[in-house]
Amino acid sequence: MDVLQAMRVFSCVVQAGSLTSAAERLDTSIASVSRILSSLEAHLTTRLLNRTTRRIALTEAGMRY
């Protein structure tokens, strides 16, 4: 995993407010964005985002990161 790329994706998701908008901005698929976020969270061993089908919300760790 490219940690710097994953950080960029995380930042884009937070700024865009959704995985769909971030995927459009990054010109990639939603699945790819989701997979990269999951890899970053596994690397850090913490949840950065609480994701539901309707919205995303930063966790406390996500805010600090």
# chains A, B, ... in the order shown; residues from 1 in each chain; ligands from 1

call {"tool": "closest_atom_pairs", "arguments": {"of": "range 38-65 of chain A", "to": "range 18-34 of chain A", "cutoff": "10 Å", "atoms": "only C-alpha atoms", "output": "Markdown table"}}
result
| residue | atom | partner | partner_atom | distance |
| --- | --- | --- | --- | --- |
| A:Ser38 | CA | A:Ser34 | CA | 6.2 |
| A:Ser39 | CA | A:Ser34 | CA | 8.6 |
| A:Leu40 | CA | A:Ser34 | CA | 9.9 |
| A:Arg51 | CA | A:Ser18 | CA | 9.4 |
| A:Arg54 | CA | A:Ser18 | CA | 9.1 |
| A:Arg55 | CA | A:Ser18 | CA | 6.9 |
| A:Ile56 | CA | A:Ser18 | CA | 6.5 |
| A:Ala57 | CA | A:Ser18 | CA | 9.4 |

call {"tool": "select_by_dssp", "arguments": {"residues": "chain A", "states": "helix (DSSP H, G or I)", "output": "ChimeraX atom specification"}}
result
/A:3-16,19-26,30-44,60-64

call {"tool": "closest_residue", "arguments": {"among": "A:Thr53, A:Glu41, A:Tyr65, A:Thr59", "to": "Ser11 in chain A", "atoms": "only C-alpha atoms"}}
result
A:Tyr65

call {"tool": "atom_distance", "arguments": {"atom1": "CA of Val13 in chain A", "atom2": "CA of Ala61 in chain A"}}
result
15.3 Å

call {"tool": "atom_distance", "arguments": {"atom1": "CA of Ala16 in chain A", "atom2": "CA of Thr45 in chain A"}}
result
23.8 Å

call {"tool": "atom_distance", "arguments": {"atom1": "CA of Arg35 in chain A", "atom2": "CA of Arg64 in chain A"}}
result
21.2 Å

call {"tool": "closest_residue", "arguments": {"among": "A:Gly17, A:Asn50, A:Met63, A:Leu37", "to": "Val3 in chain A", "atoms": "only C-alpha atoms"}}
result
A:Leu37

call {"tool": "select_by_dssp", "arguments": {"residues": "chain A", "states": "strand (DSSP E or B)", "output": "PyMOL selection string"}}
result
chain A and resi 49-51+56-58

call {"tool": "write_last_selection", "arguments": {"atoms": "N, CA and C atoms", "output": "compact mmCIF listing (two decimals), in the first residue's frame"}}
result
# COMPACT_ATOMS: atom_id res chain seq x y z
N LEU A 49 -13.09 6.62 9.71
CA LEU A 49 -14.42 7.06 9.31
C LEU A 49 -15.46 6.04 9.74
N ASN A 50 -16.60 6.54 10.18
CA ASN A 50 -17.76 5.69 10.38
C ASN A 50 -18.58 5.81 9.11
N ARG A 51 -18.76 4.69 8.42
CA ARG A 51 -19.44 4.71 7.13
C ARG A 51 -20.77 3.98 7.22
N ILE A 56 -20.99 9.54 5.80
CA ILE A 56 -19.73 9.22 6.48
C ILE A 56 -19.52 10.25 7.58
N ALA A 57 -18.84 9.84 8.63
CA ALA A 57 -18.53 10.75 9.73
C ALA A 57 -17.13 10.41 10.23
N LEU A 58 -16.36 11.43 10.49
CA LEU A 58 -15.03 11.22 11.04
C LEU A 58 -15.12 10.70 12.47

call {"tool": "residues_around", "arguments": {"residues": "Ile36 in chain A", "least_positions_apart": "5", "cutoff": "9 Å", "atoms": "only C-alpha atoms", "output": "compact mmCIF listing (two decimals) with N, CA and C atoms, in the first residue's frame"}}
result
# COMPACT_ATOMS: atom_id res chain seq x y z
N MET A 1 0.84 -1.18 0.00
CA MET A 1 0.00 0.00 0.00
C MET A 1 0.88 1.24 0.00
N GLN A 5 -0.49 7.95 -0.99
CA GLN A 5 -1.68 7.92 -1.84
C GLN A 5 -2.93 7.70 -0.99
N ALA A 6 -2.84 6.83 -0.01
CA ALA A 6 -3.98 6.57 0.86
C ALA A 6 -4.34 7.81 1.66
N VAL A 9 -6.27 10.09 -0.63
CA VAL A 9 -7.64 9.60 -0.81
C VAL A 9 -8.47 9.94 0.42
N PHE A 10 -7.93 9.69 1.61
CA PHE A 10 -8.63 10.01 2.85
C PHE A 10 -8.97 11.50 2.90
N ALA A 31 -15.33 1.58 -5.34
CA ALA A 31 -14.74 0.38 -4.71
C ALA A 31 -13.25 0.60 -4.43
N GLU A 41 -6.85 2.22 7.18
CA GLU A 41 -7.32 1.96 8.53
C GLU A 41 -6.65 0.71 9.11

call {"tool": "decode", "arguments": {"residues": "chain A", "atoms": "C-alpha atoms", "output": "tab-separated table (two decimals), in the first residue's frame"}}
result
chain	number	residue	atom	x	y	z
A	1	MET	CA	0.00	0.00	0.00
A	2	ASP	CA	1.18	3.48	-0.86
A	3	VAL	CA	0.57	5.36	2.39
A	4	LEU	CA	0.92	8.79	0.80
A	5	GLN	CA	-1.68	7.92	-1.84
A	6	ALA	CA	-3.98	6.57	0.86
A	7	MET	CA	-3.60	9.81	2.81
A	8	ARG	CA	-4.56	11.77	-0.31
A	9	VAL	CA	-7.64	9.60	-0.81
A	10	PHE	CA	-8.63	10.01	2.85
A	11	SER	CA	-8.24	13.78	2.60
A	12	CYS	CA	-10.30	13.88	-0.59
A	13	VAL	CA	-13.10	11.82	0.98
A	14	VAL	CA	-13.24	14.15	3.98
A	15	GLN	CA	-13.25	17.26	1.79
A	16	ALA	CA	-15.80	15.85	-0.66
A	17	GLY	CA	-18.06	14.50	2.07
A	18	SER	CA	-18.72	11.18	0.37
A	19	LEU	CA	-16.97	8.25	-1.25
A	20	THR	CA	-18.86	8.85	-4.50
A	21	SER	CA	-17.78	12.49	-4.79
A	22	ALA	CA	-14.21	11.60	-3.88
A	23	ALA	CA	-14.12	8.84	-6.49
A	24	GLU	CA	-15.34	11.28	-9.13
A	25	ARG	CA	-12.73	13.87	-8.13
A	26	LEU	CA	-9.98	11.23	-8.17
A	27	ASP	CA	-11.28	9.71	-11.43
A	28	THR	CA	-11.47	6.22	-9.93
A	29	SER	CA	-14.14	3.79	-8.74
A	30	ILE	CA	-15.97	3.92	-5.44
A	31	ALA	CA	-14.74	0.38	-4.71
A	32	SER	CA	-11.14	1.51	-5.16
A	33	VAL	CA	-11.61	4.44	-2.77
A	34	SER	CA	-13.25	2.16	-0.21
A	35	ARG	CA	-10.48	-0.45	-0.53
A	36	ILE	CA	-7.76	2.20	-0.08
A	37	LEU	CA	-9.49	3.61	3.01
A	38	SER	CA	-9.82	0.12	4.49
A	39	SER	CA	-6.13	-0.53	3.85
A	40	LEU	CA	-5.16	2.75	5.52
A	41	GLU	CA	-7.32	1.96	8.53
A	42	ALA	CA	-5.77	-1.52	8.77
A	43	HIS	CA	-2.28	-0.01	8.51
A	44	LEU	CA	-3.07	2.44	11.31
A	45	THR	CA	-5.07	-0.17	13.27
A	46	THR	CA	-7.88	2.31	13.90
A	47	ARG	CA	-11.12	3.46	12.28
A	48	LEU	CA	-10.87	6.87	10.64
A	49	LEU	CA	-14.42	7.06	9.31
A	50	ASN	CA	-17.76	5.69	10.38
A	51	ARG	CA	-19.44	4.71	7.13
A	52	THR	CA	-23.08	3.96	6.51
A	53	THR	CA	-24.98	3.69	3.26
A	54	ARG	CA	-26.19	7.25	3.69
A	55	ARG	CA	-23.25	9.18	5.14
A	56	ILE	CA	-19.73	9.22	6.48
A	57	ALA	CA	-18.53	10.75	9.73
A	58	LEU	CA	-15.03	11.22	11.04
A	59	THR	CA	-14.12	9.33	14.18
A	60	GLU	CA	-12.08	11.05	16.86
A	61	ALA	CA	-8.98	9.32	15.48
A	62	GLY	CA	-9.93	10.48	11.98
A	63	MET	CA	-10.15	14.08	13.17
A	64	ARG	CA	-6.68	13.86	14.69
A	65	TYR	CA	-5.23	12.19	11.60
